[in-house]
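*Asks:* Quick one: the structure is below, questions incoming.
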Amino acid sequence: MKKIGIVLLSLILVSSMILAKTDIKMTGQLAVNYTSLTNNLIGQQGDFGLDAYESNTYLQWQAKINDNVSLTAQLTDFFVLPVFEQIYVDYQPEFVNNLLVRLGEQEIPIGRHYTSLMSDPFYYLIFKSYETGTVVDYTLDDLNLKTGVFTGSAAANDGKLKYVVQASYDLKSLMNEIDTWEIGANYFKDPDTTAFVSVFTQLKAYQMTADVEYVYQNAAVHGAATTNDSTLNIGAAYQLTPELEAAARYEIVKYNAYEPKIITVGANYALADSLMLQSEVILPQYDGYGSYTDAKYYKVGVKVNF
């Protein structure tokens, strides 16, 4: 019922944008991937098609109402039931510089999820969530502060509130040799006692990118068991040529009674500014988690931005 309601609301909003005399811009990303026959992704053996599983394929409409207000709608979930998972209004008040207020259904900011690879980090697929709420984003020089309040608990839409706070700082002004060096922390609280804490850093310099992120979740419920889960993601990428980038990621996960470890190595080749070929090899050790196996597998694909 909720999905149907979202679809109807989405159609009304999009129709309104089309009829209104506003500045409407459509952007998106199309990712077509092939996953090898031998792999541990449930239901994706030899899968070829649009990569909506990790939200790499989407369409987005943005309507500029005036200089301070814009409306955004993003369409995803192509393989199940196409819905606008994100529908929100951005408001930038004239009286406060570098302040953004976002209201509506949007992704809850939990962690940074750094990656230069095709696939998202394993843990991102678990706690990635879209909810209705309000996020206030403020930037002062190299400091960014973000706070948000969302409705509903993890178990039911019972009127309880979730909230998130995040702070990050870019050290690039302290060191002329680097392009950027972000450090930050994030805290997310669910009304059902579950809390997420993340700390993250990413350094870009000399054609190289290095990043580390640690995420901790307390009181995670797994059936009759309650555990403290965590993940440590260590990533690196190097620009070998203007067109070719090599990337790798190592994930150490503690989830329920399992401790998966996943190594991913890949390469990205830019054919044009908006067209990229991608490939990666995944070497997992899932430690008996679910129906996943430790079989090595690969993914190849093409990504187009427009």
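Chains: A, B, ... in order of the structure tokens. Residues: from 1 per chain. Ligands: from 1, in order shown.
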Just want the 12 Å neighbourhood of region 187-199 of chain A, counted on only C-alpha atoms, with same-chain residues fewer than 6 positions away dropped. Output as a compact mmCIF listing (two decimals) with C-alpha atoms, in the first residue's frame.

*Replies:*
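Contents of selection_24.txt, freshly written:
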```
# COMPACT_ATOMS: atom_id res chain seq x y z
CA ILE A 108 18.95 9.03 5.59
CA PRO A 109 22.61 10.11 5.73
CA ILE A 110 24.27 7.20 7.55
CA GLY A 111 28.00 7.09 6.82
CA ARG A 112 29.87 8.15 3.70
CA HIS A 113 30.05 4.87 1.72
CA TYR A 114 33.22 5.78 -0.21
CA TYR A 123 27.09 -3.08 4.73
CA PHE A 127 21.41 0.03 6.41
CA LYS A 128 20.63 2.12 3.35
CA SER A 129 17.19 3.61 4.01
CA GLU A 131 12.41 7.98 5.02
CA LYS A 146 24.28 18.21 8.89
CA THR A 147 21.36 17.24 11.12
CA GLY A 148 18.07 15.54 10.34
CA VAL A 149 14.86 14.24 11.86
CA PHE A 150 12.81 11.43 10.27
CA THR A 151 9.45 9.85 11.08
CA GLY A 152 8.78 6.22 11.92
CA SER A 153 10.73 3.45 13.60
CA ALA A 154 12.41 0.46 12.03
CA ALA A 155 9.49 -1.79 13.07
CA ALA A 156 6.50 0.39 12.18
CA ASN A 157 5.41 3.88 11.36
CA ASP A 158 4.43 4.52 14.97
CA GLY A 159 5.10 8.25 15.16
CA LYS A 160 8.48 7.88 16.82
CA LEU A 161 11.36 9.92 15.45
CA LYS A 162 14.77 8.98 14.09
CA TYR A 163 17.50 11.57 14.09
CA VAL A 164 20.97 11.95 12.61
CA VAL A 165 23.88 14.36 13.10
CA GLN A 166 27.03 14.56 10.99
CA ALA A 167 30.11 16.74 10.95
CA SER A 168 32.97 16.76 8.43
CA TYR A 169 35.99 18.95 7.80
CA ASP A 211 39.73 6.20 2.20
CA VAL A 212 38.82 4.47 5.46
CA GLU A 213 35.39 4.19 7.07
CA TYR A 214 34.29 2.40 10.22
CA VAL A 215 30.60 1.89 11.03
CA TYR A 216 29.27 0.46 14.30
CA GLN A 217 25.66 -0.55 15.02
CA ASN A 218 24.54 -1.49 18.50
CA ALA A 219 21.62 -3.74 19.43
CA ALA A 220 21.06 -5.08 15.92
CA VAL A 221 18.21 -7.61 16.01
CA THR A 226 20.81 -9.23 19.36
CA THR A 227 24.37 -8.32 18.40
CA ASN A 228 26.64 -5.33 17.96
CA ASP A 229 27.55 -5.22 14.27
CA SER A 230 30.35 -3.32 12.57
CA THR A 231 32.22 -2.89 9.32
CA LEU A 232 35.64 -1.55 8.39
CA ASN A 233 36.07 -0.47 4.76
```

*Asks:* I need the residues of region 146-194 of chain A that end up classed as strand (DSSP E) by DSSP on the backbone, written out as an mmCIF file with all heavy atoms, in the first residue's frame.

*Replies:*
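Result saved to out20.cif:
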```cif
data_model
loop_
_atom_site.group_PDB
_atom_site.id
_atom_site.type_symbol
_atom_site.label_atom_id
_atom_site.label_comp_id
_atom_site.auth_asym_id
_atom_site.auth_seq_id
_atom_site.Cartn_x
_atom_site.Cartn_y
_atom_site.Cartn_z
ATOM 1 N N LYS A 146 25.549 18.709 9.418
ATOM 2 C CA LYS A 146 24.283 18.213 8.893
ATOM 3 C C LYS A 146 23.504 17.559 10.032
ATOM 4 O O LYS A 146 24.057 16.790 10.820
ATOM 5 C CB LYS A 146 24.541 17.199 7.783
ATOM 6 C CG LYS A 146 23.307 16.717 7.047
ATOM 7 C CD LYS A 146 23.697 15.765 5.929
ATOM 8 C CE LYS A 146 24.485 16.476 4.843
ATOM 9 N NZ LYS A 146 24.777 15.603 3.687
ATOM 10 N N THR A 147 22.214 17.873 10.120
ATOM 11 C CA THR A 147 21.365 17.240 11.121
ATOM 12 C C THR A 147 20.004 16.976 10.506
ATOM 13 O O THR A 147 19.546 17.735 9.642
ATOM 14 C CB THR A 147 21.230 18.116 12.389
ATOM 15 O OG1 THR A 147 20.432 17.446 13.370
ATOM 16 C CG2 THR A 147 20.572 19.445 12.057
ATOM 17 N N GLY A 148 19.357 15.895 10.932
ATOM 18 C CA GLY A 148 18.075 15.541 10.341
ATOM 19 C C GLY A 148 17.170 14.814 11.315
ATOM 20 O O GLY A 148 17.635 14.158 12.252
ATOM 21 N N VAL A 149 15.885 14.925 11.078
ATOM 22 C CA VAL A 149 14.863 14.237 11.861
ATOM 23 C C VAL A 149 13.932 13.519 10.892
ATOM 24 O O VAL A 149 13.487 14.109 9.893
ATOM 25 C CB VAL A 149 14.057 15.222 12.731
ATOM 26 C CG1 VAL A 149 12.963 14.475 13.496
ATOM 27 C CG2 VAL A 149 14.968 15.959 13.702
ATOM 28 N N PHE A 150 13.636 12.236 11.156
ATOM 29 C CA PHE A 150 12.807 11.429 10.275
ATOM 30 C C PHE A 150 11.695 10.759 11.079
ATOM 31 O O PHE A 150 11.849 10.492 12.267
ATOM 32 C CB PHE A 150 13.655 10.358 9.572
ATOM 33 C CG PHE A 150 14.694 10.926 8.658
ATOM 34 C CD1 PHE A 150 15.930 11.325 9.147
ATOM 35 C CD2 PHE A 150 14.432 11.080 7.310
ATOM 36 C CE1 PHE A 150 16.895 11.870 8.308
ATOM 37 C CE2 PHE A 150 15.389 11.615 6.459
ATOM 38 C CZ PHE A 150 16.615 12.012 6.961
ATOM 39 N N THR A 151 10.597 10.455 10.411
ATOM 40 C CA THR A 151 9.452 9.849 11.084
ATOM 41 C C THR A 151 9.514 8.332 10.986
ATOM 42 O O THR A 151 10.076 7.782 10.040
ATOM 43 C CB THR A 151 8.133 10.318 10.462
ATOM 44 O OG1 THR A 151 8.109 9.934 9.075
ATOM 45 C CG2 THR A 151 8.004 11.822 10.557
ATOM 46 N N LEU A 161 10.456 9.191 16.317
ATOM 47 C CA LEU A 161 11.364 9.919 15.450
ATOM 48 C C LEU A 161 12.757 9.302 15.428
ATOM 49 O O LEU A 161 13.262 8.837 16.451
ATOM 50 C CB LEU A 161 11.462 11.381 15.903
ATOM 51 C CG LEU A 161 10.179 12.208 15.845
ATOM 52 C CD1 LEU A 161 10.451 13.614 16.363
ATOM 53 C CD2 LEU A 161 9.615 12.257 14.433
ATOM 54 N N LYS A 162 13.357 9.300 14.247
ATOM 55 C CA LYS A 162 14.766 8.981 14.086
ATOM 56 C C LYS A 162 15.508 10.301 13.909
ATOM 57 O O LYS A 162 14.940 11.250 13.369
ATOM 58 C CB LYS A 162 15.002 8.124 12.841
ATOM 59 C CG LYS A 162 14.184 6.857 12.757
ATOM 60 C CD LYS A 162 14.424 6.168 11.418
ATOM 61 C CE LYS A 162 13.553 4.915 11.292
ATOM 62 N NZ LYS A 162 13.764 4.230 10.002
ATOM 63 N N TYR A 163 16.748 10.350 14.337
ATOM 64 C CA TYR A 163 17.504 11.569 14.093
ATOM 65 C C TYR A 163 18.956 11.239 13.775
ATOM 66 O O TYR A 163 19.481 10.189 14.152
ATOM 67 C CB TYR A 163 17.408 12.540 15.266
ATOM 68 C CG TYR A 163 17.973 12.038 16.575
ATOM 69 C CD1 TYR A 163 19.316 12.203 16.894
ATOM 70 C CD2 TYR A 163 17.143 11.424 17.511
ATOM 71 C CE1 TYR A 163 19.837 11.755 18.090
ATOM 72 C CE2 TYR A 163 17.656 10.967 18.724
ATOM 73 C CZ TYR A 163 18.994 11.135 19.008
ATOM 74 O OH TYR A 163 19.509 10.682 20.198
ATOM 75 N N VAL A 164 19.600 12.147 13.049
ATOM 76 C CA VAL A 164 20.970 11.946 12.610
ATOM 77 C C VAL A 164 21.723 13.266 12.702
ATOM 78 O O VAL A 164 21.163 14.333 12.448
ATOM 79 C CB VAL A 164 21.000 11.395 11.165
ATOM 80 C CG1 VAL A 164 20.310 12.346 10.205
ATOM 81 C CG2 VAL A 164 22.418 11.113 10.698
ATOM 82 N N VAL A 165 22.992 13.188 13.100
ATOM 83 C CA VAL A 165 23.876 14.356 13.099
ATOM 84 C C VAL A 165 25.193 13.939 12.448
ATOM 85 O O VAL A 165 25.650 12.808 12.601
ATOM 86 C CB VAL A 165 24.132 14.904 14.525
ATOM 87 C CG1 VAL A 165 22.871 15.503 15.103
ATOM 88 C CG2 VAL A 165 24.673 13.807 15.442
ATOM 89 N N GLN A 166 25.777 14.867 11.696
ATOM 90 C CA GLN A 166 27.026 14.556 10.989
ATOM 91 C C GLN A 166 27.880 15.810 10.896
ATOM 92 O O GLN A 166 27.368 16.906 10.660
ATOM 93 C CB GLN A 166 26.719 14.028 9.591
ATOM 94 C CG GLN A 166 27.956 13.738 8.750
ATOM 95 C CD GLN A 166 27.590 13.198 7.388
ATOM 96 O OE1 GLN A 166 27.181 12.066 7.238
ATOM 97 N NE2 GLN A 166 27.720 14.048 6.372
ATOM 98 N N ALA A 167 29.166 15.634 11.082
ATOM 99 C CA ALA A 167 30.114 16.737 10.950
ATOM 100 C C ALA A 167 31.311 16.263 10.141
ATOM 101 O O ALA A 167 31.807 15.146 10.347
ATOM 102 C CB ALA A 167 30.572 17.231 12.327
ATOM 103 N N SER A 168 31.783 17.097 9.210
ATOM 104 C CA SER A 168 32.969 16.755 8.430
ATOM 105 C C SER A 168 33.787 18.019 8.183
ATOM 106 O O SER A 168 33.250 19.130 8.144
ATOM 107 C CB SER A 168 32.581 16.106 7.097
ATOM 108 O OG SER A 168 31.807 16.990 6.312
ATOM 109 N N TYR A 169 35.076 17.820 8.001
ATOM 110 C CA TYR A 169 35.992 18.948 7.802
ATOM 111 C C TYR A 169 37.019 18.576 6.746
ATOM 112 O O TYR A 169 37.545 17.454 6.728
ATOM 113 C CB TYR A 169 36.697 19.295 9.118
ATOM 114 C CG TYR A 169 37.525 20.558 9.037
ATOM 115 C CD1 TYR A 169 36.931 21.809 9.136
ATOM 116 C CD2 TYR A 169 38.911 20.502 8.842
ATOM 117 C CE1 TYR A 169 37.681 22.981 9.052
ATOM 118 C CE2 TYR A 169 39.666 21.662 8.751
ATOM 119 C CZ TYR A 169 39.051 22.894 8.863
ATOM 120 O OH TYR A 169 39.793 24.046 8.762
ATOM 121 N N ASP A 170 37.299 19.519 5.856
ATOM 122 C CA ASP A 170 38.275 19.303 4.796
ATOM 123 C C ASP A 170 39.583 19.998 5.183
ATOM 124 O O ASP A 170 39.614 21.221 5.355
ATOM 125 C CB ASP A 170 37.747 19.855 3.475
ATOM 126 C CG ASP A 170 38.558 19.368 2.278
ATOM 127 O OD1 ASP A 170 39.697 18.902 2.480
ATOM 128 O OD2 ASP A 170 38.051 19.458 1.142
ATOM 129 N N THR A 180 42.213 17.172 -1.510
ATOM 130 C CA THR A 180 41.217 17.198 -0.446
ATOM 131 C C THR A 180 41.567 16.142 0.596
ATOM 132 O O THR A 180 42.169 15.112 0.274
ATOM 133 C CB THR A 180 39.798 16.949 -1.001
ATOM 134 O OG1 THR A 180 38.856 17.026 0.072
ATOM 135 C CG2 THR A 180 39.697 15.584 -1.648
ATOM 136 N N TRP A 181 41.222 16.415 1.841
ATOM 137 C CA TRP A 181 41.385 15.435 2.909
ATOM 138 C C TRP A 181 40.231 15.628 3.885
ATOM 139 O O TRP A 181 40.261 16.464 4.762
ATOM 140 C CB TRP A 181 42.737 15.599 3.617
ATOM 141 C CG TRP A 181 43.000 14.493 4.605
ATOM 142 C CD1 TRP A 181 42.193 13.427 4.877
ATOM 143 C CD2 TRP A 181 44.157 14.336 5.431
ATOM 144 N NE1 TRP A 181 42.759 12.597 5.821
ATOM 145 C CE2 TRP A 181 43.971 13.143 6.173
ATOM 146 C CE3 TRP A 181 45.319 15.088 5.600
ATOM 147 C CZ2 TRP A 181 44.918 12.706 7.097
ATOM 148 C CZ3 TRP A 181 46.251 14.638 6.512
ATOM 149 C CH2 TRP A 181 46.054 13.458 7.251
ATOM 150 N N GLU A 182 39.201 14.831 3.682
ATOM 151 C CA GLU A 182 38.011 14.929 4.511
ATOM 152 C C GLU A 182 38.111 14.018 5.724
ATOM 153 O O GLU A 182 38.516 12.857 5.618
ATOM 154 C CB GLU A 182 36.765 14.546 3.701
ATOM 155 C CG GLU A 182 35.475 14.599 4.507
ATOM 156 C CD GLU A 182 34.276 14.084 3.751
ATOM 157 O OE1 GLU A 182 34.361 12.960 3.205
ATOM 158 O OE2 GLU A 182 33.249 14.786 3.709
ATOM 159 N N ILE A 183 37.738 14.538 6.883
ATOM 160 C CA ILE A 183 37.590 13.725 8.091
ATOM 161 C C ILE A 183 36.209 14.022 8.661
ATOM 162 O O ILE A 183 35.689 15.145 8.525
ATOM 163 C CB ILE A 183 38.683 14.028 9.141
ATOM 164 C CG1 ILE A 183 38.633 15.505 9.564
ATOM 165 C CG2 ILE A 183 40.060 13.656 8.620
ATOM 166 C CD1 ILE A 183 39.559 15.836 10.721
ATOM 167 N N GLY A 184 35.583 13.036 9.282
ATOM 168 C CA GLY A 184 34.250 13.295 9.800
ATOM 169 C C GLY A 184 33.704 12.170 10.645
ATOM 170 O O GLY A 184 34.306 11.100 10.777
ATOM 171 N N ALA A 185 32.552 12.426 11.229
ATOM 172 C CA ALA A 185 31.868 11.457 12.070
ATOM 173 C C ALA A 185 30.370 11.638 11.909
ATOM 174 O O ALA A 185 29.885 12.723 11.568
ATOM 175 C CB ALA A 185 32.275 11.620 13.530
ATOM 176 N N ASN A 186 29.629 10.559 12.177
ATOM 177 C CA ASN A 186 28.197 10.539 11.966
ATOM 178 C C ASN A 186 27.536 9.727 13.072
ATOM 179 O O ASN A 186 28.079 8.707 13.516
ATOM 180 C CB ASN A 186 27.907 9.917 10.587
ATOM 181 C CG ASN A 186 26.441 9.849 10.244
ATOM 182 O OD1 ASN A 186 25.720 9.007 10.755
ATOM 183 N ND2 ASN A 186 26.006 10.705 9.355
ATOM 184 N N TYR A 187 26.357 10.179 13.525
ATOM 185 C CA TYR A 187 25.599 9.445 14.550
ATOM 186 C C TYR A 187 24.143 9.394 14.126
ATOM 187 O O TYR A 187 23.544 10.423 13.802
ATOM 188 C CB TYR A 187 25.721 10.122 15.910
ATOM 189 C CG TYR A 187 24.912 9.451 17.001
ATOM 190 C CD1 TYR A 187 25.369 8.285 17.615
ATOM 191 C CD2 TYR A 187 23.696 9.979 17.417
ATOM 192 C CE1 TYR A 187 24.629 7.660 18.619
ATOM 193 C CE2 TYR A 187 22.947 9.361 18.418
ATOM 194 C CZ TYR A 187 23.418 8.206 19.013
ATOM 195 O OH TYR A 187 22.683 7.584 19.998
ATOM 196 N N PHE A 188 23.571 8.187 14.129
ATOM 197 C CA PHE A 188 22.180 7.992 13.767
ATOM 198 C C PHE A 188 21.489 7.178 14.847
ATOM 199 O O PHE A 188 21.993 6.141 15.279
ATOM 200 C CB PHE A 188 22.073 7.272 12.421
ATOM 201 C CG PHE A 188 20.668 6.825 12.073
ATOM 202 C CD1 PHE A 188 19.715 7.747 11.701
ATOM 203 C CD2 PHE A 188 20.324 5.485 12.124
ATOM 204 C CE1 PHE A 188 18.428 7.340 11.380
ATOM 205 C CE2 PHE A 188 19.048 5.069 11.803
ATOM 206 C CZ PHE A 188 18.090 6.002 11.432
ATOM 207 N N LYS A 189 20.316 7.648 15.307
ATOM 208 C CA LYS A 189 19.583 6.971 16.378
ATOM 209 C C LYS A 189 18.197 6.573 15.892
ATOM 210 O O LYS A 189 17.444 7.403 15.389
ATOM 211 C CB LYS A 189 19.460 7.891 17.596
ATOM 212 C CG LYS A 189 18.750 7.243 18.786
ATOM 213 C CD LYS A 189 19.595 6.107 19.364
ATOM 214 C CE LYS A 189 18.993 5.562 20.663
ATOM 215 N NZ LYS A 189 17.684 4.922 20.461
#
```

*Asks:* Let me make sure I understand: among A:Thr27, A:Asp90, A:Tyr130, A:Ala237, which one has the smallest atom-to-atom distance to Gln60 (chain A) if we use only C-alpha atoms?

*Replies:*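 Comparing A:Thr27, A:Asp90, A:Tyr130, A:Ala237 against Gln60 (chain A), the winner is A:Thr27.
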
*Asks:* Give me the residues near Gln207 (chain A) as a ChimeraX atom specification, where near means some atom within 10 Å (using only C-alpha atoms) and where sequence neighbours in that chain fewer than 4 positions away do not count.

*Replies:* /A:178-179,237-242,245

*Asks:* Pick out the residues sitting within 8 Å of Val89 (chain A), and hand them over as a list in words; count only C-alpha atoms, and ignore anything fewer than 3 positions along from it in its own chain.

*Replies:*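 Contacts, in chain order: Val69, Ser70, Leu71, Thr72, Arg102, Leu103 and Gly104 of chain A.
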
*Asks:* Could you write out that same residue set with N, CA and C atoms as a PDB file, in the first residue's frame?

*Replies:*
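Saved as part-v3.pdb:
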```
ATOM      1  N   VAL A  69      13.980  27.868  -4.062  1.00  0.00           N
ATOM      2  CA  VAL A  69      13.227  26.626  -3.874  1.00  0.00           C
ATOM      3  C   VAL A  69      13.304  25.757  -5.119  1.00  0.00           C
ATOM      4  N   SER A  70      13.550  24.450  -4.918  1.00  0.00           N
ATOM      5  CA  SER A  70      13.525  23.491  -6.021  1.00  0.00           C
ATOM      6  C   SER A  70      12.889  22.188  -5.545  1.00  0.00           C
ATOM      7  N   LEU A  71      12.298  21.461  -6.485  1.00  0.00           N
ATOM      8  CA  LEU A  71      11.644  20.187  -6.201  1.00  0.00           C
ATOM      9  C   LEU A  71      12.354  19.085  -6.970  1.00  0.00           C
ATOM     10  N   THR A  72      12.699  17.995  -6.284  1.00  0.00           N
ATOM     11  CA  THR A  72      13.429  16.884  -6.902  1.00  0.00           C
ATOM     12  C   THR A  72      12.671  15.572  -6.717  1.00  0.00           C
ATOM     13  N   ARG A 102      16.259  20.533   3.465  1.00  0.00           N
ATOM     14  CA  ARG A 102      15.643  19.549   2.566  1.00  0.00           C
ATOM     15  C   ARG A 102      14.489  18.862   3.283  1.00  0.00           C
ATOM     16  N   LEU A 103      13.286  18.927   2.690  1.00  0.00           N
ATOM     17  CA  LEU A 103      12.096  18.346   3.287  1.00  0.00           C
ATOM     18  C   LEU A 103      11.474  17.338   2.332  1.00  0.00           C
ATOM     19  N   GLY A 104      11.130  16.156   2.852  1.00  0.00           N
ATOM     20  CA  GLY A 104      10.480  15.146   2.034  1.00  0.00           C
ATOM     21  C   GLY A 104      11.131  13.783   2.190  1.00  0.00           C
TER      22      GLY A 104
END
```
